[in-house]
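Containing mmCIF, C-alpha atoms and all ligand atoms: structure_3.cif.
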```
data_run
#
loop_
_atom_site.label_atom_id
_atom_site.label_comp_id
_atom_site.auth_asym_id
_atom_site.auth_seq_id
_atom_site.Cartn_x
_atom_site.Cartn_y
_atom_site.Cartn_z
CA MET A 1 13.58 -5.94 4.00
CA ALA A 2 10.98 -4.95 6.61
CA GLY A 3 7.43 -6.34 6.42
CA HIS A 4 8.03 -9.44 4.27
CA ASN A 5 4.92 -11.22 5.58
CA GLY A 6 2.53 -8.47 4.48
CA LEU A 7 0.60 -7.99 1.23
CA VAL A 8 3.23 -5.81 -0.45
CA GLY A 9 6.29 -7.22 1.36
CA SER A 10 5.52 -10.84 0.44
CA SER A 11 5.18 -9.86 -3.21
CA ILE A 12 8.52 -7.98 -3.12
CA LEU A 13 10.15 -11.04 -1.55
CA ARG A 14 8.73 -13.37 -4.24
CA LYS A 15 10.01 -11.05 -6.95
CA LEU A 16 13.48 -10.62 -5.38
CA LYS A 17 13.83 -14.40 -5.21
CA LYS A 18 12.58 -14.82 -8.78
CA LYS A 19 15.17 -12.30 -9.95
CA ASN A 20 17.82 -14.30 -8.09
CA TYR A 21 18.73 -11.73 -5.46
CA LYS A 22 20.89 -13.32 -2.76
CA ASN A 23 21.49 -12.31 0.88
CA ILE A 24 17.99 -10.99 1.48
CA ILE A 25 17.88 -10.05 5.17
CA LEU A 26 14.52 -10.70 6.82
CA ALA A 27 13.17 -10.59 10.36
CA ASP A 28 9.58 -11.03 11.38
CA ARG A 29 7.90 -9.15 14.22
CA LYS A 30 8.77 -11.85 16.80
CA ARG A 31 12.46 -11.53 16.04
CA LEU A 32 12.56 -7.78 15.54
CA ASN A 33 9.77 -5.50 16.70
CA LEU A 34 10.30 -2.42 14.55
CA LEU A 35 8.83 -0.19 17.26
CA ASP A 36 11.94 -0.86 19.34
CA GLN A 37 14.52 1.73 18.27
CA LYS A 38 17.50 0.16 20.01
CA LYS A 39 16.83 -3.26 18.54
CA VAL A 40 16.35 -1.82 15.03
CA PHE A 41 19.61 0.18 15.23
CA ASN A 42 21.50 -2.88 16.49
CA PHE A 43 19.98 -5.11 13.82
CA LEU A 44 21.08 -2.73 11.07
CA LYS A 45 24.55 -2.36 12.61
CA LYS A 46 24.98 -6.13 12.80
CA ASN A 47 23.57 -7.01 9.36
CA LYS A 48 24.70 -3.94 7.37
CA PRO A 49 22.28 -4.27 4.41
CA LYS A 50 23.19 -2.41 1.21
CA ILE A 51 19.56 -1.43 0.64
CA VAL A 52 16.61 -1.14 3.05
CA ILE A 53 13.03 -1.66 1.83
CA ILE A 54 10.31 -0.49 4.24
CA ALA A 55 7.16 -2.49 3.51
CA ALA A 56 6.33 -2.70 7.22
CA ALA A 57 3.61 -0.40 8.50
CA LYS A 58 0.36 -0.37 10.39
CA VAL A 59 -2.19 -0.56 7.57
CA GLY A 60 -5.99 -0.80 7.49
CA GLY A 61 -9.22 0.24 5.84
CA ILE A 62 -11.46 3.21 6.56
CA TYR A 63 -13.09 1.85 9.76
CA HIS A 64 -9.89 0.62 11.38
CA ASN A 65 -8.19 3.95 10.59
CA SER A 66 -11.03 6.07 11.92
CA VAL A 67 -11.20 4.38 15.35
CA ASN A 68 -7.50 3.62 15.93
CA GLY A 69 -5.88 6.92 14.92
CA ALA A 70 -3.43 6.98 17.84
CA ASP A 71 -2.03 3.54 16.97
CA PHE A 72 -1.79 4.45 13.29
CA ILE A 73 0.20 7.65 13.85
CA TYR A 74 2.43 6.31 16.63
CA GLU A 75 3.34 2.96 15.07
CA ASN A 76 3.96 4.31 11.60
CA LEU A 77 6.09 7.23 12.81
CA GLN A 78 8.08 4.89 15.03
CA ILE A 79 8.66 2.11 12.46
CA GLN A 80 9.70 4.45 9.65
CA SER A 81 11.84 6.76 11.84
CA ASN A 82 13.71 3.81 13.35
CA LEU A 83 14.43 2.39 9.91
CA ILE A 84 15.24 5.67 8.14
CA HIS A 85 17.47 7.09 10.87
CA GLY A 86 18.96 3.65 11.60
CA SER A 87 19.86 3.33 7.90
CA PHE A 88 21.50 6.75 7.91
CA LYS A 89 23.49 5.97 11.09
CA ASN A 90 24.76 2.79 9.47
CA LYS A 91 25.78 4.55 6.23
CA ILE A 92 23.13 2.76 4.16
CA LYS A 93 22.75 5.00 1.15
CA ARG A 94 19.73 3.42 -0.53
CA LEU A 95 16.28 2.96 0.93
CA ILE A 96 12.77 2.48 -0.42
CA PHE A 97 9.95 3.86 1.71
CA LEU A 98 6.39 2.84 0.82
CA GLY A 99 3.53 5.19 1.52
CA SER A 100 0.11 5.56 0.00
CA SER A 101 -1.95 7.86 -2.20
CA CYS A 102 -3.86 9.01 0.92
CA ILE A 103 -0.99 11.43 1.69
CA TYR A 104 -2.47 13.81 -0.88
CA PRO A 105 -5.10 16.48 -0.11
CA LYS A 106 -8.75 15.46 0.07
CA TYR A 107 -9.77 17.88 -2.69
CA SER A 108 -6.63 17.61 -4.79
CA LYS A 109 -6.63 18.46 -8.49
CA GLN A 110 -6.81 15.24 -10.56
CA PRO A 111 -4.80 13.35 -11.64
CA ILE A 112 -2.60 13.91 -8.59
CA LYS A 113 0.96 15.02 -9.28
CA GLU A 114 3.68 14.53 -6.66
CA GLU A 115 4.01 18.30 -6.21
CA TYR A 116 0.41 18.58 -4.91
CA LEU A 117 1.58 17.14 -1.56
CA LEU A 118 0.64 19.51 1.30
CA SER A 119 -1.34 21.81 -1.01
CA GLY A 120 -4.61 21.30 0.96
CA LYS A 121 -6.44 19.61 3.83
CA LEU A 122 -6.27 15.85 4.32
CA GLU A 123 -9.20 13.43 4.52
CA GLU A 124 -10.31 13.10 8.18
CA THR A 125 -10.87 9.32 8.28
CA ASN A 126 -7.18 8.50 7.75
CA LEU A 127 -5.50 11.71 8.84
CA PRO A 128 -3.20 10.16 11.50
CA TYR A 129 -1.97 7.50 9.04
CA ALA A 130 -1.46 10.03 6.23
CA THR A 131 0.33 12.46 8.58
CA ALA A 132 2.81 9.74 9.58
CA LYS A 133 3.42 8.84 5.93
CA ILE A 134 3.95 12.50 4.98
CA ALA A 135 6.49 12.76 7.82
CA GLY A 136 8.28 9.74 6.31
CA VAL A 137 8.41 11.42 2.89
CA LYS A 138 9.70 14.67 4.38
CA MET A 139 12.25 12.77 6.46
CA CYS A 140 13.64 11.01 3.37
CA GLU A 141 13.74 14.32 1.50
CA ALA A 142 15.62 16.01 4.34
CA TYR A 143 18.18 13.20 4.65
CA ASN A 144 18.71 13.20 0.88
CA LYS A 145 19.31 16.96 0.96
CA GLN A 146 21.47 17.14 4.07
CA TYR A 147 23.32 13.82 3.93
CA LYS A 148 23.23 13.03 0.19
CA THR A 149 21.45 9.72 0.73
CA ASN A 150 19.29 8.14 -1.96
CA TYR A 151 16.06 7.44 -0.10
CA VAL A 152 13.10 7.01 -2.46
CA CYS A 153 9.44 7.25 -1.41
CA LEU A 154 7.02 5.30 -3.60
CA MET A 155 3.33 6.21 -3.25
CA PRO A 156 1.13 3.42 -4.63
CA ALA A 157 -2.59 3.60 -5.36
CA ASN A 158 -4.98 1.18 -3.56
CA THR A 159 -3.44 -2.27 -3.72
CA TYR A 160 -4.84 -5.78 -4.00
CA GLY A 161 -3.40 -9.24 -4.55
CA PRO A 162 -2.49 -12.56 -2.92
CA ASN A 163 -1.99 -12.43 0.85
CA ASP A 164 -4.43 -9.54 1.32
CA ASN A 165 -6.33 -8.89 4.54
CA TYR A 166 -9.99 -10.01 4.36
CA ASN A 167 -10.92 -9.14 7.93
CA THR A 168 -14.43 -7.64 7.91
CA LEU A 169 -13.56 -4.66 10.09
CA ASN A 170 -10.08 -3.66 8.94
CA SER A 171 -9.77 -4.59 5.28
CA HIS A 172 -9.66 -2.23 2.28
CA PHE A 173 -12.69 -1.85 -0.01
CA PHE A 174 -11.67 -4.34 -2.74
CA PRO A 175 -10.81 -7.38 -0.55
CA ALA A 176 -13.90 -6.54 1.55
CA LEU A 177 -16.06 -6.70 -1.60
CA ILE A 178 -14.46 -9.98 -2.72
CA LYS A 179 -15.21 -11.52 0.66
CA LYS A 180 -18.81 -10.25 0.80
CA ILE A 181 -19.70 -11.28 -2.77
CA ASN A 182 -18.17 -14.71 -2.23
CA GLU A 183 -20.26 -15.08 0.94
CA CYS A 184 -23.44 -14.16 -0.99
CA LYS A 185 -22.59 -16.82 -3.53
CA MET A 186 -21.79 -19.50 -0.93
CA LYS A 187 -24.81 -18.78 1.27
CA ASN A 188 -27.17 -18.06 -1.59
CA LYS A 189 -27.89 -14.51 -0.36
CA LYS A 190 -29.59 -12.16 -2.82
CA THR A 191 -28.58 -8.80 -1.29
CA LEU A 192 -25.13 -7.29 -1.04
CA GLU A 193 -24.48 -4.45 1.40
CA VAL A 194 -21.75 -2.00 0.32
CA TRP A 195 -20.35 0.68 2.64
CA GLY A 196 -20.93 4.28 1.45
CA SER A 197 -22.62 5.52 -1.70
CA GLY A 198 -20.55 3.53 -4.21
CA LYS A 199 -19.92 6.80 -6.06
CA PRO A 200 -16.28 7.54 -5.12
CA PHE A 201 -13.59 6.63 -7.62
CA ARG A 202 -10.71 4.35 -6.74
CA GLU A 203 -7.55 3.40 -8.59
CA LEU A 204 -6.35 -0.16 -8.03
CA ILE A 205 -2.89 -1.55 -8.65
CA PHE A 206 -2.00 -5.23 -8.49
CA VAL A 207 0.58 -5.90 -5.78
CA ASP A 208 3.15 -7.50 -8.13
CA ASP A 209 3.28 -4.21 -10.05
CA ILE A 210 4.28 -2.44 -6.80
CA ALA A 211 6.95 -5.08 -6.14
CA ASP A 212 8.22 -4.51 -9.67
CA ALA A 213 8.35 -0.74 -9.04
CA CYS A 214 10.31 -1.25 -5.79
CA ILE A 215 12.99 -3.30 -7.53
CA PHE A 216 13.04 -0.96 -10.53
CA PHE A 217 13.55 2.19 -8.40
CA MET A 218 15.92 0.43 -6.00
CA ASN A 219 18.30 0.11 -8.94
CA LYS A 220 17.71 3.50 -10.52
CA LYS A 221 19.49 6.79 -9.91
CA ILE A 222 16.76 9.40 -9.70
CA ASN A 223 16.58 13.08 -8.81
CA GLU A 224 13.34 13.14 -6.80
CA SER A 225 12.42 11.66 -3.43
CA LEU A 226 8.72 11.07 -4.20
CA ILE A 227 7.26 8.98 -7.04
CA ASN A 228 3.63 7.95 -7.62
CA ILE A 229 3.04 4.29 -8.47
CA GLY A 230 -0.26 3.45 -10.13
CA THR A 231 -2.04 2.61 -13.34
CA GLY A 232 -3.29 6.18 -13.81
CA LYS A 233 -6.84 4.82 -14.31
CA ASP A 234 -9.72 4.65 -11.86
CA MET A 235 -13.36 3.55 -11.65
CA ARG A 236 -16.28 4.14 -9.29
CA ILE A 237 -16.70 1.68 -6.40
CA LYS A 238 -20.06 0.68 -7.91
CA ASP A 239 -18.24 -0.27 -11.12
CA TYR A 240 -15.90 -2.51 -9.11
CA VAL A 241 -19.04 -4.11 -7.63
CA LYS A 242 -20.34 -4.78 -11.16
CA PHE A 243 -16.94 -6.09 -12.24
CA LEU A 244 -16.80 -8.51 -9.28
CA MET A 245 -20.39 -9.69 -9.75
CA SER A 246 -19.54 -10.58 -13.34
CA LYS A 247 -16.34 -12.38 -12.25
CA PHE A 248 -18.34 -14.35 -9.62
CA ASN A 249 -21.08 -14.86 -12.20
CA ILE A 250 -23.77 -13.63 -9.81
CA LYS A 251 -26.43 -10.90 -9.92
CA LEU A 252 -27.15 -9.31 -6.55
CA ASN A 253 -29.42 -6.63 -5.28
CA VAL A 254 -26.89 -4.00 -4.12
CA LYS A 255 -27.73 -1.85 -1.08
CA TYR A 256 -25.44 1.10 -0.45
CA ASN A 257 -25.17 1.84 3.28
CA LEU A 258 -25.09 5.64 3.41
CA SER A 259 -24.47 5.68 7.17
CA LYS A 260 -20.90 4.53 6.43
CA PRO A 261 -18.26 7.04 5.24
CA ASP A 262 -17.28 7.36 1.58
CA GLY A 263 -13.72 8.55 2.23
CA VAL A 264 -12.04 10.68 -0.45
CA TYR A 265 -14.16 11.16 -3.58
CA ARG A 266 -11.33 10.75 -6.06
CA LYS A 267 -7.55 10.20 -5.91
CA VAL A 268 -6.25 9.01 -9.24
CA LEU A 269 -2.47 9.28 -9.48
CA ASP A 270 -0.53 11.05 -12.19
CA VAL A 271 2.16 8.49 -13.02
CA THR A 272 4.03 10.55 -15.62
CA LYS A 273 7.19 10.70 -13.49
CA ALA A 274 7.43 6.94 -12.98
CA ASN A 275 6.69 6.39 -16.69
CA LYS A 276 9.42 8.87 -17.70
CA TYR A 277 11.97 6.82 -15.75
CA GLY A 278 10.79 3.76 -17.70
CA TRP A 279 8.45 2.08 -15.18
CA LYS A 280 4.86 1.19 -16.04
CA ALA A 281 2.16 -0.98 -14.40
CA ASN A 282 1.63 -4.15 -16.43
CA ILE A 283 -1.09 -6.26 -14.87
CA SER A 284 -4.74 -5.67 -15.83
CA LEU A 285 -7.57 -5.78 -13.27
CA ASP A 286 -8.91 -8.90 -14.96
CA GLU A 287 -5.60 -10.76 -14.74
CA GLY A 288 -4.84 -9.44 -11.24
CA PHE A 289 -8.25 -10.50 -9.97
CA ASP A 290 -7.86 -14.06 -11.27
CA ILE A 291 -4.56 -14.46 -9.41
CA THR A 292 -6.03 -12.87 -6.27
CA TYR A 293 -9.13 -15.07 -6.38
CA LYS A 294 -7.07 -18.28 -6.41
CA SER A 295 -5.19 -17.24 -3.28
CA PHE A 296 -8.40 -15.99 -1.61
CA ILE A 297 -10.05 -19.39 -2.08
CA GLN A 298 -6.98 -21.14 -0.63
CA LYS A 299 -6.98 -18.74 2.33
CA ILE A 300 -10.63 -19.30 3.25
CA LYS A 301 -10.26 -23.09 2.94
CA LYS A 302 -7.58 -23.08 5.70
N1 LIG B 401 -2.59 -2.31 0.99
C1 LIG B 401 -2.70 -1.21 0.27
O1 LIG B 401 -3.75 -0.92 -0.34
C2 LIG B 401 -1.54 -0.27 0.12
C3 LIG B 401 -1.67 0.71 -0.82
C4 LIG B 401 -0.65 1.58 -1.00
C5 LIG B 401 0.47 1.48 -0.22
N2 LIG B 401 0.62 0.54 0.69
C6 LIG B 401 1.83 0.57 1.53
O2 LIG B 401 2.59 -0.61 1.47
C7 LIG B 401 3.16 -0.86 2.75
C8 LIG B 401 2.80 -2.27 3.18
O3 LIG B 401 1.38 -2.39 3.20
P1 LIG B 401 0.65 -3.80 3.22
O4 LIG B 401 -0.69 -3.59 2.63
O5 LIG B 401 1.57 -4.83 2.66
O6 LIG B 401 0.46 -4.03 4.79
P2 LIG B 401 0.31 -5.39 5.57
O7 LIG B 401 -0.17 -6.48 4.70
O8 LIG B 401 -0.46 -5.08 6.81
O9 LIG B 401 1.81 -5.74 6.00
C9 LIG B 401 2.53 -4.94 6.89
C10 LIG B 401 3.70 -5.74 7.41
O10 LIG B 401 4.36 -4.91 8.39
C11 LIG B 401 4.67 -5.73 9.51
N3 LIG B 401 4.72 -4.93 10.74
C12 LIG B 401 3.81 -4.04 11.18
N4 LIG B 401 4.19 -3.55 12.37
C13 LIG B 401 5.37 -4.18 12.70
C14 LIG B 401 6.24 -4.11 13.80
N5 LIG B 401 6.00 -3.32 14.83
N6 LIG B 401 7.36 -4.88 13.78
C15 LIG B 401 7.61 -5.71 12.76
N7 LIG B 401 6.82 -5.82 11.67
C16 LIG B 401 5.71 -5.06 11.65
C17 LIG B 401 3.53 -6.72 9.60
O11 LIG B 401 3.94 -7.80 10.37
P3 LIG B 401 2.89 -8.87 10.94
O12 LIG B 401 2.71 -9.82 9.78
O13 LIG B 401 3.57 -9.46 12.10
O14 LIG B 401 1.64 -8.11 11.30
C18 LIG B 401 3.30 -7.04 8.11
O15 LIG B 401 4.17 -8.06 7.70
C19 LIG B 401 2.63 0.22 3.70
O16 LIG B 401 3.60 1.19 3.89
C20 LIG B 401 1.46 0.80 2.98
O17 LIG B 401 1.34 2.16 3.24
C21 LIG B 401 -0.37 -0.38 0.89
#
```

Represent the structure of the file as structure tokens.
Ligand SMILES: NC(=O)c1ccc[n+]([C@@H]2O[C@H](COP(=O)([O-])OP(=O)(O)OC[C@H]3O[C@@H](n4cnc5c(N)ncnc54)[C@H](OP(=O)(O)O)[C@@H]3O)[C@@H](O)[C@H]2O)c1
Amino acid sequence: MAGHNGLVGSSILRKLKKKNYKNIILADRKRLNLLDQKKVFNFLKKNKPKIVIIAAAKVGGIYHNSVNGADFIYENLQIQSNLIHGSFKNKIKRLIFLGSSCIYPKYSKQPIKEEYLLSGKLEETNLPYATAKIAGVKMCEAYNKQYKTNYVCLMPANTYGPNDNYNTLNSHFFPALIKKINECKMKNKKTLEVWGSGKPFRELIFVDDIADACIFFMNKKINESLINIGTGKDMRIKDYVKFLMSKFNIKLNVKYNLSKPDGVYRKVLDVTKANKYGWKANISLDEGFDITYKSFIQKIKK
């Protein structure tokens, strides 16, 4: 599995261990830099995994994406191409590729069905990242068609959970809000600044639900290459702010910073396909937050 130290990868690893999977092959960045094609091909040749899970990627929030576009497109294309083509060369028939709901058009019809991919323009702020991810989806599709592989692309909604990134400049909106509201509480601040208007809708999925989907689809024979993974429900960012204030038991004066970008207005996923195969998200926002909060507190104590 690639990316086992990350938010999604660490959850997949916990779940694989819990389900008693043996012979899980792991290598961190120091041992295997996934940008290095030769090393990736040799690693796959030597270890011959039955299944490859790609949870490694260059990932970040709206600011990080908008100022580091070159790194986002180059690193993601390189990591995924090395692993997808390397898997094919080594006769590995099953592979899970993780992307994100930002591959879909900015003004997509809602809820977003898998077939809406490439039906319109992408959001500018994460265009290089989304373009790389779309290339990964198309690559898996092409290999499945030409070489009869079984490479499945799972597109999750915005994710949160233990082991998230709380860095002020490159985190996603939900961990960024957790960090800011906690800081207000600790430092007795009365005003919370939120990037953008707070009006866009976001769908959140707890990371263990994604891990569950990876293992479910890794063991399933399916006909498509692309499957949405989400709860199918969304809320405005300002409602997440209210939710978090109630969880932190704090009332703050919220200032929306309109000089910061909103990103896509809405991108709720249609999860009918995943549901038809028998997979469904299980963990509520309330339950997911409580688990996340415990790990957040441990992380900031370190
Ligand atoms: N977070 C979300 O909201 C979200 C939502 C939907 C989908 N996803 C998808 O899920 C996947 C994983 O995301 P994540 O949030 O778990 O990201 P993450 O926490 O940043 O983890 C990414 C992992 O990839 C590894 N990695 C990156 N570049 C590498 C390289 N050159 N060589 C070796 N390892 C490398 C990182 O290693 P280091 O630990 O050494 O940096 C890290 O372990 C991505 O494909 C993403 O598109 C994420």

Write out, as JSON lines, each residue of chain A that has an atom at most 7 Å from ligand LIG 401 (chain B), together with the closest pair of atoms and their distance in Å to one decimal, counting all atoms listed in the file, rows going by chain and rising number.
```
{"residue": "A:Ala2", "atom": "CA", "partner": "B:LIG401", "partner_atom": "N7", "distance": 6.6}
{"residue": "A:Gly3", "atom": "CA", "partner": "B:LIG401", "partner_atom": "O15", "distance": 3.9}
{"residue": "A:His4", "atom": "CA", "partner": "B:LIG401", "partner_atom": "O15", "distance": 5.3}
{"residue": "A:Asn5", "atom": "CA", "partner": "B:LIG401", "partner_atom": "O15", "distance": 3.9}
{"residue": "A:Gly6", "atom": "CA", "partner": "B:LIG401", "partner_atom": "O9", "distance": 3.2}
{"residue": "A:Leu7", "atom": "CA", "partner": "B:LIG401", "partner_atom": "O5", "distance": 3.6}
{"residue": "A:Val8", "atom": "CA", "partner": "B:LIG401", "partner_atom": "O5", "distance": 3.7}
{"residue": "A:Gly9", "atom": "CA", "partner": "B:LIG401", "partner_atom": "O5", "distance": 5.4}
{"residue": "A:Asp28", "atom": "CA", "partner": "B:LIG401", "partner_atom": "C15", "distance": 5.8}
{"residue": "A:Arg29", "atom": "CA", "partner": "B:LIG401", "partner_atom": "C15", "distance": 3.7}
{"residue": "A:Leu32", "atom": "CA", "partner": "B:LIG401", "partner_atom": "C15", "distance": 6.0}
{"residue": "A:Asn33", "atom": "CA", "partner": "B:LIG401", "partner_atom": "N6", "distance": 3.8}
{"residue": "A:Leu34", "atom": "CA", "partner": "B:LIG401", "partner_atom": "N6", "distance": 3.9}
{"residue": "A:Leu35", "atom": "CA", "partner": "B:LIG401", "partner_atom": "N5", "distance": 4.9}
{"residue": "A:Ile54", "atom": "CA", "partner": "B:LIG401", "partner_atom": "O16", "distance": 6.9}
{"residue": "A:Ala55", "atom": "CA", "partner": "B:LIG401", "partner_atom": "C8", "distance": 4.4}
{"residue": "A:Ala56", "atom": "CA", "partner": "B:LIG401", "partner_atom": "O10", "distance": 3.2}
{"residue": "A:Ala57", "atom": "CA", "partner": "B:LIG401", "partner_atom": "C12", "distance": 4.5}
{"residue": "A:Lys58", "atom": "CA", "partner": "B:LIG401", "partner_atom": "C12", "distance": 5.1}
{"residue": "A:Val59", "atom": "CA", "partner": "B:LIG401", "partner_atom": "O8", "distance": 4.9}
{"residue": "A:Glu75", "atom": "CA", "partner": "B:LIG401", "partner_atom": "N5", "distance": 6.8}
{"residue": "A:Ile79", "atom": "CA", "partner": "B:LIG401", "partner_atom": "N5", "distance": 6.5}
{"residue": "A:Leu98", "atom": "CA", "partner": "B:LIG401", "partner_atom": "O16", "distance": 4.5}
{"residue": "A:Gly99", "atom": "CA", "partner": "B:LIG401", "partner_atom": "O17", "distance": 4.1}
{"residue": "A:Ser100", "atom": "CA", "partner": "B:LIG401", "partner_atom": "C5", "distance": 4.1}
{"residue": "A:Ser101", "atom": "CA", "partner": "B:LIG401", "partner_atom": "C4", "distance": 6.5}
{"residue": "A:Met155", "atom": "CA", "partner": "B:LIG401", "partner_atom": "C5", "distance": 6.3}
{"residue": "A:Pro156", "atom": "CA", "partner": "B:LIG401", "partner_atom": "C4", "distance": 4.4}
{"residue": "A:Ala157", "atom": "CA", "partner": "B:LIG401", "partner_atom": "C4", "distance": 5.2}
{"residue": "A:Asn158", "atom": "CA", "partner": "B:LIG401", "partner_atom": "O1", "distance": 4.0}
{"residue": "A:Thr159", "atom": "CA", "partner": "B:LIG401", "partner_atom": "O1", "distance": 3.7}
{"residue": "A:Tyr160", "atom": "CA", "partner": "B:LIG401", "partner_atom": "O1", "distance": 6.2}
{"residue": "A:Asp164", "atom": "CA", "partner": "B:LIG401", "partner_atom": "O7", "distance": 6.2}
{"residue": "A:Asn165", "atom": "CA", "partner": "B:LIG401", "partner_atom": "O7", "distance": 6.6}
{"residue": "A:His172", "atom": "CA", "partner": "B:LIG401", "partner_atom": "O1", "distance": 6.6}
```

| field | Residue neighbourhood Thr168 in chain A, 9 Å, all atoms listed in the file, exclusion window fewer than 3 positions, as number ranges by chain | value | A: 165, 171, 176, 179-180

| task | Mind giving me the straight-line distance from CA of Gln110 in chain A to CA of Ile283 in chain A in Å, one decimal? | result |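 CA of Ile283 in chain A lies at a distance of 22.7 Å from CA of Gln110 in chain A.
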
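Separating CA of Lys189 in chain A from CA of Glu203 in chain A is a distance of 28.3 Å.
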
What are the nearest atom pairs, with distances in Å to one decimal, for all residues of range 101-178 of chain A that come at most 10 Å from range 224-242 of chain A, using all atoms listed in the file, set out by chain and rising residue number as a tab-separated table?
```
residue	atom	partner	partner_atom	distance
A:Ser101	CA	A:Asn228	CA	7.8
A:Pro111	CA	A:Gly232	CA	7.6
A:Ile112	CA	A:Asn228	CA	8.7
A:Lys113	CA	A:Asn228	CA	7.7
A:Glu114	CA	A:Leu226	CA	6.6
A:Glu115	CA	A:Leu226	CA	8.9
A:Leu117	CA	A:Leu226	CA	9.7
A:Val137	CA	A:Leu226	CA	7.1
A:Lys138	CA	A:Ser225	CA	8.8
A:Met139	CA	A:Ser225	CA	10.0
A:Cys140	CA	A:Ser225	CA	6.9
A:Glu141	CA	A:Ser225	CA	5.8
A:Ala142	CA	A:Ser225	CA	9.5
A:Asn144	CA	A:Ser225	CA	7.8
A:Lys145	CA	A:Ser225	CA	9.7
A:Asn150	CA	A:Ser225	CA	7.9
A:Tyr151	CA	A:Ser225	CA	6.5
A:Val152	CA	A:Ser225	CA	4.8
A:Cys153	CA	A:Leu226	CA	4.8
A:Leu154	CA	A:Ile227	CA	5.0
A:Met155	CA	A:Asn228	CA	4.7
A:Pro156	CA	A:Ile229	CA	4.4
A:Ala157	CA	A:Gly230	CA	5.3
A:Asn158	CA	A:Gly230	CA	8.4
A:Thr159	CA	A:Gly230	CA	9.2
A:Phe173	CA	A:Ile237	CA	8.3
A:Phe174	CA	A:Tyr240	CA	7.9
A:Leu177	CA	A:Val241	CA	7.2
A:Ile178	CA	A:Val241	CA	8.9
```

| said: To one decimal place in Å, what is the distance between CA of Ala70 in chain A and CA of Pro105 in chain A? | reply: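 CA of Pro105 in chain A lies 20.4 Å from CA of Ala70 in chain A.
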
| Closest of A:Leu192, A:Ile134, A:Leu122, A:Ile222 to Gln80 in chain A - atom-to-atom distances counting only C-alpha atoms | A:Ile134

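Within 8 Å of Gly196 in chain A, once all atoms listed in the file are used and residues closer than 6 positions along the same chain are dropped, the contacting residues are Tyr256, Asn257, Leu258, Ser259, Lys260, Pro261 and Asp262 of chain A.
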
| task | Pick out the residues sitting within 12 Å of Lys15 in chain A, and hand them over as number ranges by chain; count all atoms listed in the file, and ignore anything fewer than 6 positions along from it in its own chain. | result | A: 4, 8-9, 21-22, 24, 207-216

| Using only C-alpha atoms: which of A:Met186, A:Ile96, A:Val67, A:Leu16 has the shortest distance to Ile297 in chain A | A:Met186

| note | In terms of all atoms listed in the file, the residue from A:Lys148, A:Lys106, A:Lys133, A:Lys221 at minimal distance from Ile73 in chain A is A:Lys133

| task | Choose the residue, out of A:Leu269, A:Val254, A:Ala281, A:Ile51, that has the smallest atom-to-atom separation from Lys93 in chain A; count only C-alpha atoms. | result | A:Ile51

| message | Restricting the calculation to all atoms listed in the file: of A:Arg266, A:Arg14, A:Lys247, A:Lys187, which residue gets closest to Phe289 in chain A? | response |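 Under the stated criterion, the closest residue is A:Lys247.
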
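Look at Tyr63 in chain A: the protein and nucleic acid residues within 8 Å of it, using all atoms listed in the file and passing over chain neighbours fewer than 6 places away, are A:Thr125, A:Leu169, A:Asn170.
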
| Long-range neighbours of Ser295 in chain A as a list in words, 7 Å cut-off, only C-alpha atoms, 4 positions minimum in chain |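 Near neighbours after the sequence-gap exclusion: Pro162, Ile291 and Lys299 of chain A.
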
| message | Here is a test: counting only C-alpha atoms, which residue of A:Gly136, A:Gly69, A:Pro128, A:Gly61 is nearest to His85 in chain A? | response | A:Gly136

Can you rebuild range 166-172 of chain A with N, CA, C and O atoms and give it as a PDB file, in the coordinates of the input?
```pdb
ATOM      1  N   TYR A 166      -8.549  -9.934   4.639  1.00  0.00           N
ATOM      2  CA  TYR A 166      -9.990 -10.010   4.360  1.00  0.00           C
ATOM      3  C   TYR A 166     -10.833  -9.856   5.625  1.00  0.00           C
ATOM      4  O   TYR A 166     -12.013 -10.171   5.623  1.00  0.00           O
ATOM      5  N   ASN A 167     -10.198  -9.339   6.677  1.00  0.00           N
ATOM      6  CA  ASN A 167     -10.920  -9.140   7.930  1.00  0.00           C
ATOM      7  C   ASN A 167     -12.042  -8.122   7.742  1.00  0.00           C
ATOM      8  O   ASN A 167     -11.815  -7.032   7.218  1.00  0.00           O
ATOM      9  N   THR A 168     -13.252  -8.482   8.189  1.00  0.00           N
ATOM     10  CA  THR A 168     -14.430  -7.640   7.910  1.00  0.00           C
ATOM     11  C   THR A 168     -14.256  -6.200   8.385  1.00  0.00           C
ATOM     12  O   THR A 168     -14.680  -5.267   7.707  1.00  0.00           O
ATOM     13  N   LEU A 169     -13.626  -6.014   9.544  1.00  0.00           N
ATOM     14  CA  LEU A 169     -13.560  -4.660  10.090  1.00  0.00           C
ATOM     15  C   LEU A 169     -12.347  -3.845   9.642  1.00  0.00           C
ATOM     16  O   LEU A 169     -12.379  -2.619   9.686  1.00  0.00           O
ATOM     17  N   ASN A 170     -11.244  -4.493   9.275  1.00  0.00           N
ATOM     18  CA  ASN A 170     -10.080  -3.660   8.940  1.00  0.00           C
ATOM     19  C   ASN A 170      -9.501  -3.862   7.550  1.00  0.00           C
ATOM     20  O   ASN A 170      -8.371  -3.481   7.292  1.00  0.00           O
ATOM     21  N   SER A 171     -10.307  -4.422   6.634  1.00  0.00           N
ATOM     22  CA  SER A 171      -9.770  -4.590   5.280  1.00  0.00           C
ATOM     23  C   SER A 171     -10.082  -3.363   4.411  1.00  0.00           C
ATOM     24  O   SER A 171     -10.910  -2.536   4.758  1.00  0.00           O
ATOM     25  N   HIS A 172      -9.394  -3.292   3.255  1.00  0.00           N
ATOM     26  CA  HIS A 172      -9.660  -2.230   2.280  1.00  0.00           C
ATOM     27  C   HIS A 172     -10.902  -2.601   1.448  1.00  0.00           C
ATOM     28  O   HIS A 172     -11.377  -3.733   1.501  1.00  0.00           O
TER      29      HIS A 172
END
```
